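*Asks:* Dumping the structure here so I can ask a few things about it.
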Amino acid sequence: MKNKEEEILVIGNSRMDYLAQSGQEDDFSVVSQGNFYKTSGGLGRNVSENLARLHDNVSFITALGNDADGQEIESSLSGIGVKVYKIATSYPTSIYNSISDSHGKRQAALIDNRCLTQVKPSELKPLSLLLTTIKHVVIEASLNEKVIDYLFKNYPDHYFYCEGVSVSDVRKLRKHLKDIYLFKSNYDEAISILQAQMEPEEAVKQIMKEGCPNVVISHTELPIYYGNKGLVYREPILVRQNVTRTNGVGDALFAGIVHCLSKKVSLIKAVKFGLNMSYCTLGVDTAVDTDIARIL
Amino acid sequence: MNEILVIGGSNIDYLAKSKNTLIMEDSNIGVLTTSFGGVGRNITENLARLHDQVTFLTGIGEDVQGQKLKADLESLYVKVLCPAIAYPSGSYVSIADESGNMKVAICDSRLMDNMTIGDLEPFFQVIDSHENIVLEANLNETVIDAIFDRFKGHRFYIEGVSANKIRRFRNHVSEIYLFKSNLMEARYFLSSDLDGQKAAKDLMELGAKNVVLSQGKDPIIYGTAGHVFTQSVVACPNVASVNGAGDALFSGIVHGMIHCQSLKESVEFGSKMSLMTLQAESAVNPDIGRILK
């Protein structure tokens with residue numbers, strides 16, 4: 001049975017990933033023959049889907065354009081029980097467009113996320129009841145900075161689970177570190193928010209010193225460093241031989257940790273659970289393993 | 001009488017443009033625009049906007065964008081016929097730098113590449129009922145060969161598309177009523193570095209009834225009944241996009257010929273359409289119909 005206190009609100013990005021890969025083995029020319037496909041993505045959307053598939057009670061505030069991509073994302077999330085609160089926008093639904101060579105190496109990629117970055121705090125006000133009621137709030141640093149500031153200012157008693165997203169976006173979280181319940185980023189983002197070079201272990205300590213009780217720093221294929229209550233731990237990642245795609249793997253780790261912490265499970269167990277989710281996600285060609293619930 | 005059957009490709013074009021200097025192998029902030037393209041589709045839309053009665057036989061996937069493309073043509077009173085082929089709609093995905101110069105692109109044409117003449121069998125009667133048939137070289141060679149073999153005596157208007165693809169028509173030049181390509185494509189087709197006049201003559205000697213060779217800003221070369229002529233091109237002062245300009249030229253020529261205009265008049269008309277298309281952002285100028293006024 002779902003517990004109201006464990007209800008999770010995700011505020012973040014939904015996007016459609018437009019992925020094109022050359023089919024020409026050795027000769028990647030400017031225009032190549034290849035395969036193209038679309039798949040739903042976006043950190044907020046991926047986290048929402050992961051949590052819903054773990055049977056969490058999830059509400060999701062996101063910006064969607066009035067287009068086919070937006071409709072597809074909304075209906076697929078609603079279909080698995082996510083309560084989607086759509087912020088209307090005149091921009092198209094966010095996209096990530098990537099072109100890679102026949103080995104999957106990215107040649108160029110482009111992000112159009114005006115849909116999300118143009119959202120203003122005033123557009124969250126009609127959702128204040130929802131924001132007040134749900135205490136566990138997942139946000140990502142690619143939100144508009146004014147929206148991030150608004151959330152921390154108006155809901156100081158909430159548990160904020162934050163994902164750094166990129167070295168530039170993560171800095172928007174700098175002034176709120178003491179109010180963040182879980183800070184998760186990769187190593188480069190951690191260095192960016194601290195604006196100083198240091199080892200991952202030291203970075204975890206430093207962010208905890210700023211007042212954040214739970215910190216997780218991932219580092220591609222290297223061990224994860226994490227800490228709480230002043231202590232720092234290290235967890236090797238689970239190496240997978242048959243990797244299908246790496247897309248959504250970090251989001252699965254984050255979602256797994258959020259899932260556990262929102263149920264008052266220890267950070268140590270939460271990280272192990274998150275890593276298991278990442279491992280499963282590496283084996284599928286979508287951003288979320290639709291059968292992720294099997295790990296429960 | 002003036003009914004036209006177009007058999008060719010449809011594409012969804014995804015054109016991404018970076019906001020700042022494009023950094024290769026990295027994620028860049030920018031804008032993506034989606035539009036409908038494909039040579040066959042562009043020709044069909046042009047002809048429909050000229051109020052011709054057009055049937056379009058093409059491959060379209062079951063995906064949302066493909067169905068939107070189909071609905072878009074149907075709103076212009078085009079009869080769209082699609083064989084059931086289990087591939088996604090054709091796509092052209094490109095990423096351009098901040099100045100709009102394309103840096104890398106992928107064309108997914110699995111649907112058209114895997115089309116067989118068997119897929120078209122349910123539409124044989126429709127094909128046979130049309131005297132005027134437009135074919136473009138995005139069709140695979142097996143399908144092109146089978147169409148020419150099965151539907152002899154029809155008027156085939158062919159568009160070369162690209163230097164590589166135009167050779168798909170190599171077995172049928174004597175059955176072509178209108179051969180249209182650019183000069184480079186014609187040279188590939190003939191495997192010879194001829195000048196335009198000679199290339200047009202050679203194509204006619206091989207059996208093509210009418211030949212039109214474009215050369216960008218340089219005069220168009222055209223030939224009929226063994227004679228070769230040129231038509232100067234009016235420079236466009238405000239080019240919005242060159243995308244679709246060649247398809248518009250071809251459409252205009254087909255439209256003219258079907259309406260019993262001479263090849264000269266048809267080329268002039270096609271040139272005007274091309275000029276109008278250069279002034280539009282999209283592959284087809286939605287306002288192209290006003291050329292008839």
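Just remember, in the structure tokens the first chain shown is A, the second B, etc., residues are 1-based per chain, and ligands are 1-based in the order shown.
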Residues of chain A within 8 Å of chain B, counting only C-alpha atoms - could you list those as a list in words?
*Replies:* Ala20, Gln21, Ser22, Ser29, Val30, Val31, Ser32, Gln33, Gly34, Asn35, Phe36, Ala68, Ile95, Asn97, Ile99, Lys105, Arg106, Gln107, Ala108, Ala109, Leu110, Ile111, Asp112 and Asn113 of chain A
*Asks:* Excluding region 154-169 of chain A and its own-chain neighbours fewer than 5 positions away, which residues fall within 6 Å of it when counting only C-alpha atoms? Please give them as a ChimeraX atom specification.
*Replies:* /A:135-142,180-185,189,192
*Asks:* For region 241-253 of chain A, list every protein, DNA or RNA residue within 6 Å, evaluated using only C-alpha atoms, and leave out those in the same chain fewer than 2 positions away; present the list as a list of chain:residue names.
*Replies:*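 The residues satisfying every condition are A:Val47, A:Ala255, A:Gly256, A:Gly274, A:Leu275, A:Met277, A:Ser278, A:Thr281, A:Leu282, A:Gly283, A:Val284, A:Asp285, A:Ala287.
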*Asks:* Which of these, B:Asn2, B:Thr58, B:Asn20, B:Ser232, has the shortest distance to Thr44 (chain B) once you count only C-alpha atoms?
*Replies:* B:Thr58
*Asks:* CA of Arg174 (chain A) and CA of Leu194 (chain A) are how many Å apart?
*Replies:*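 It comes out at 7.8 Å.
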*Asks:* Of the candidates A:His219, A:His176, A:Arg53, A:Lys38, which shows the shortest atom-to-atom distance to Asp63 (chain B), using only C-alpha atoms?
*Replies:*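 The answer is A:Lys38, which sits nearest to Asp63 (chain B).
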*Asks:* Hey, what does DSSP flag as strand (DSSP E) within region 85-267 of chain A? Can you give it to me as a PyMOL selection string?
*Replies:* chain A and resi 85-88+94-100+106-112+136-140+159-163+180-186+214-219+222-228+231-235
*Asks:* For a test of reading the model, state the distance in Å between CA of Gly42 (chain A) and CA of Arg15 (chain A), rounded to one decimal.
*Replies:* 4.8 Å
*Asks:* Take CA of Ala84 (chain B) and CA of Glu45 (chain B) and report the distance between them in Å, one decimal.
*Replies:* 22.0 Å
*Asks:* For Lys86 (chain A), work out the shell of residues within 9 Å, counting only C-alpha atoms and skipping chain neighbours fewer than 4 positions away, then give it as a list in words.
*Replies:*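 Here the qualifying residues turn out to be Phe60, Ile61, Thr62, Ala63, Leu64 and Glu74 of chain A.
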*Asks:* Based on the selection just made, write N, CA and C atoms of those residues as a short mmCIF file (atom, residue, chain, number, x, y, z; two decimals), in the first residue's frame.
*Replies:*
```
data_model
loop_
_atom_site.label_atom_id
_atom_site.label_comp_id
_atom_site.auth_asym_id
_atom_site.auth_seq_id
_atom_site.Cartn_x
_atom_site.Cartn_y
_atom_site.Cartn_z
N PHE A 60 4.57 14.66 -10.97
CA PHE A 60 5.65 15.20 -11.81
C PHE A 60 5.21 16.52 -12.41
N ILE A 61 5.93 17.57 -12.05
CA ILE A 61 5.68 18.89 -12.66
C ILE A 61 6.71 19.08 -13.76
N THR A 62 6.23 19.31 -14.96
CA THR A 62 7.16 19.45 -16.09
C THR A 62 6.56 20.38 -17.14
N ALA A 63 7.41 20.88 -18.01
CA ALA A 63 6.94 21.73 -19.11
C ALA A 63 6.90 20.89 -20.38
N LEU A 64 5.76 20.90 -21.03
CA LEU A 64 5.60 20.15 -22.28
C LEU A 64 5.02 21.06 -23.34
N GLU A 74 3.45 12.68 -22.04
CA GLU A 74 2.41 12.77 -21.01
C GLU A 74 1.61 11.46 -20.93
#
```
*Asks:* Closest to Ile207 (chain A) among A:Val147, A:Leu54, A:Ile191, A:Leu296, using only C-alpha atoms?
*Replies:*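 Smallest distance to Ile207 (chain A) is found for A:Ile191.
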*Asks:* Skip Met257 (chain B) itself and residues of its chain fewer than 2 positions away, then list as a list in words all residues within 12 Å of it, counting only C-alpha atoms.
*Replies:*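 In the requested format, the answer is Asn2, Ile4, Asn132, Arg155, Phe156, Tyr157, Tyr177, Leu178, Asn210, Phe250, Ser251, Gly252, Ile253, Val254, His255, His259, Cys260, Gln261, Ser262, Leu263, Lys264, Glu265, Ser266, Val267, Glu268, Phe269 and Gly270 of chain B.
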*Asks:* Give me a file of those residues, with C-alpha atoms, as a PDB file, in the first residue's frame.
*Replies:*
```
ATOM      1  CA  ASN B   2      -4.250  15.821 -65.930  1.00  0.00           C
ATOM      2  CA  ILE B   4      -0.453  12.572 -62.005  1.00  0.00           C
ATOM      3  CA  ASN B 132       1.734  10.378 -66.296  1.00  0.00           C
ATOM      4  CA  ARG B 155       4.945   8.697 -69.621  1.00  0.00           C
ATOM      5  CA  PHE B 156       7.696   8.574 -67.029  1.00  0.00           C
ATOM      6  CA  TYR B 157       9.005  11.841 -65.595  1.00  0.00           C
ATOM      7  CA  TYR B 177       9.632  10.952 -71.187  1.00  0.00           C
ATOM      8  CA  LEU B 178      11.322  13.630 -69.074  1.00  0.00           C
ATOM      9  CA  ASN B 210      12.907  15.423 -73.075  1.00  0.00           C
ATOM     10  CA  PHE B 250      10.976  19.757 -61.632  1.00  0.00           C
ATOM     11  CA  SER B 251       7.376  20.124 -60.418  1.00  0.00           C
ATOM     12  CA  GLY B 252       6.880  23.201 -62.549  1.00  0.00           C
ATOM     13  CA  ILE B 253       8.189  21.438 -65.649  1.00  0.00           C
ATOM     14  CA  VAL B 254       5.961  18.414 -65.046  1.00  0.00           C
ATOM     15  CA  HIS B 255       2.974  20.683 -64.461  1.00  0.00           C
ATOM     16  CA  HIS B 259      -0.914  20.945 -69.336  1.00  0.00           C
ATOM     17  CA  CYS B 260       0.343  20.688 -72.923  1.00  0.00           C
ATOM     18  CA  GLN B 261       2.859  23.506 -72.665  1.00  0.00           C
ATOM     19  CA  SER B 262       6.028  23.311 -74.735  1.00  0.00           C
ATOM     20  CA  LEU B 263       9.211  22.255 -72.965  1.00  0.00           C
ATOM     21  CA  LYS B 264      10.442  25.847 -73.252  1.00  0.00           C
ATOM     22  CA  GLU B 265       7.317  27.179 -71.531  1.00  0.00           C
ATOM     23  CA  SER B 266       7.482  24.406 -68.948  1.00  0.00           C
ATOM     24  CA  VAL B 267      11.116  25.188 -68.085  1.00  0.00           C
ATOM     25  CA  GLU B 268      10.274  28.883 -67.767  1.00  0.00           C
ATOM     26  CA  PHE B 269       7.415  28.035 -65.463  1.00  0.00           C
ATOM     27  CA  GLY B 270       9.620  25.679 -63.411  1.00  0.00           C
TER      28      GLY B 270
END
```
